Amino acid sequence: MDKMTNWLRSGALVVGASALVAVAAPFGTSAFDIGPRFLYWLVGITVGWAQWSLILWIIRRLTKTNPWPSAIRGTTASFPFALAMALEVSFFKEAIGAPGRPGLITFLWILGIMLAFCWFSQILYWFMANQAAASEPPSEMRGDRDENIRFFRRIPFDISGKLLCLSTEDHYLRIHTTAGNRLLLFRLRDAVAELDGANGMQVHRSYWVSGDAIERYEKEGRKTALILSNGMRVPVSDSFLSSVREAGWLKQN
């Protein structure tokens, strides 16, 4: 359901952005009627969104063992994205004989927009995450969770169950329980603070794991990973390895 919701949200954003840009008619597209102009921008923005997603996916894969902060990832992705879009816009305009800006100006224009978007969204996220961290969680408790562990109160009711682990996804935190998983707009460091006293710990820059969820561990060369009861494979970074070892989590069951 989360993936379907994300796809629908992305589709709505693409259509909305296409409509707004079609009305603004930049890059000499005012020569088109509103219908063809909208279709032009719908195709262009859809292609751009796909390219942006692909570039971010490649960066995530390359930095999987040591994920970059979203602001740095977005800033880095802006450069190849702007270059690709500038080349495509220039090629298309030359093909249809439409007037337009030189390629370098198009590149700088797109780059400026993407950098502004990345940093504006990051500032907005910091603000919203701070608001979420400061808000008082619901008073009702679910299940038999320890009422002294504040983060347990933030777990959505529809996935009420034993907490297995937390993982970060861009600006969000994914909560994994025995009943399923959901995304929450919250920072991992704030969640770790609210989980003080729980049987678990942060094992990676992007993961917190419950000690009750661990079934075994695996080691490949110098890389260590925890295998959880739901089948997840969670990497353990070197900075947390000693704490994980001291907790006795690296003993085969």
# chains A, B, ... in the order shown; residues from 1 in each chain; ligands from 1
$ residues_around --residues "A:Arg216" --least-positions-apart "6" --cutoff "12 Å" --atoms "only C-alpha atoms" --output "PyMOL selection string"
chain A and resi 224-234+248-253
$ residues_around --residues "stretch 22-27 of chain A" --least-positions-apart "5" --cutoff "7 Å" --atoms "only C-alpha atoms" --output "count of residues only"
5
$ closest_atom_pairs --of "stretch 28-58 of chain A" --to "stretch 107-114 of chain A" --cutoff "12 Å" --atoms "only C-alpha atoms" --output "JSON lines"
{"residue": "A:Gly48", "atom": "CA", "partner": "A:Ile110", "partner_atom": "CA", "distance": 10.9}
{"residue": "A:Trp49", "atom": "CA", "partner": "A:Met114", "partner_atom": "CA", "distance": 11.6}
{"residue": "A:Trp52", "atom": "CA", "partner": "A:Met114", "partner_atom": "CA", "distance": 10.1}
$ write_last_selection --atoms "N, CA and C atoms" --output "mmCIF file, in the first residue's frame"
data_model
loop_
_atom_site.group_PDB
_atom_site.id
_atom_site.type_symbol
_atom_site.label_atom_id
_atom_site.label_comp_id
_atom_site.auth_asym_id
_atom_site.auth_seq_id
_atom_site.Cartn_x
_atom_site.Cartn_y
_atom_site.Cartn_z
ATOM 1 N N GLY A 48 11.979 13.523 -16.962
ATOM 2 C CA GLY A 48 12.887 14.106 -15.977
ATOM 3 C C GLY A 48 12.753 13.440 -14.626
ATOM 4 N N TRP A 49 11.515 13.175 -14.199
ATOM 5 C CA TRP A 49 11.294 12.499 -12.920
ATOM 6 C C TRP A 49 11.919 11.103 -12.925
ATOM 7 N N TRP A 52 15.681 11.508 -12.692
ATOM 8 C CA TRP A 52 16.048 11.917 -11.334
ATOM 9 C C TRP A 52 15.990 10.715 -10.387
#
$ closest_residue --among "A:Arg61, A:Arg73, A:Arg205, A:His176" --to "A:Lys162" --atoms "only C-alpha atoms"
A:His176
$ closest_residue --among "A:Phe152, A:Val89, A:Glu220, A:Leu54" --to "A:Ala198" --atoms "only C-alpha atoms"
A:Phe152
$ select_by_dssp --residues "stretch 160-238 of chain A" --states "alpha helix (DSSP H)" --output "list in words"
Leu188, Arg189, Asp190, Ala191, Val192, Ala193, Glu194 and Asp238 of chain A
$ atom_distance --atom1 "atom CA of A:Ile175" --atom2 "atom CA of A:Thr76"
27.8 Å
$ residues_around --residues "stretch 148-150 of chain A" --least-positions-apart "2" --cutoff "6 Å" --atoms "only C-alpha atoms" --output "ChimeraX atom specification"
/A:146,152-153,194-195
$ write_last_selection --atoms "C-alpha atoms" --output "CSV table (one decimal), in the first residue's frame"
chain,number,residue,atom,x,y,z
A,146,ASP,CA,6.7,-0.6,28.2
A,152,PHE,CA,6.4,3.0,21.3
A,153,ARG,CA,3.5,5.4,21.4
A,194,GLU,CA,13.0,8.0,22.7
A,195,LEU,CA,13.9,4.3,22.7
$ atom_distance --atom1 "atom CA of A:Phe81" --atom2 "atom CA of A:Ser10"
17.9 Å
$ atom_distance --atom1 "atom CA of A:Ser18" --atom2 "atom CA of A:His171"
24.7 Å
$ residues_around --residues "stretch 186-189 of chain A" --least-positions-apart "2" --cutoff "8 Å" --atoms "only C-alpha atoms" --output "mmCIF file with C-alpha atoms, in the first residue's frame"
data_model
loop_
_atom_site.group_PDB
_atom_site.id
_atom_site.type_symbol
_atom_site.label_atom_id
_atom_site.label_comp_id
_atom_site.auth_asym_id
_atom_site.auth_seq_id
_atom_site.Cartn_x
_atom_site.Cartn_y
_atom_site.Cartn_z
ATOM 1 C CA ALA A 129 10.914 16.748 11.884
ATOM 2 C CA ALA A 132 7.282 16.035 15.189
ATOM 3 C CA ALA A 133 10.019 15.496 17.757
ATOM 4 C CA LEU A 166 13.891 1.056 12.359
ATOM 5 C CA SER A 167 15.423 2.070 9.037
ATOM 6 C CA THR A 168 15.793 5.431 7.348
ATOM 7 C CA HIS A 171 13.446 12.066 5.110
ATOM 8 C CA TYR A 172 11.400 9.258 6.635
ATOM 9 C CA LEU A 173 11.762 6.507 9.195
ATOM 10 C CA LEU A 184 6.888 7.987 9.699
ATOM 11 C CA ALA A 191 13.743 7.841 17.715
ATOM 12 C CA VAL A 192 16.913 6.431 19.303
ATOM 13 C CA ALA A 193 16.631 8.994 22.091
ATOM 14 C CA SER A 206 20.533 4.126 9.113
ATOM 15 C CA TYR A 207 19.343 1.335 11.428
ATOM 16 C CA TRP A 208 18.176 0.654 14.973
#
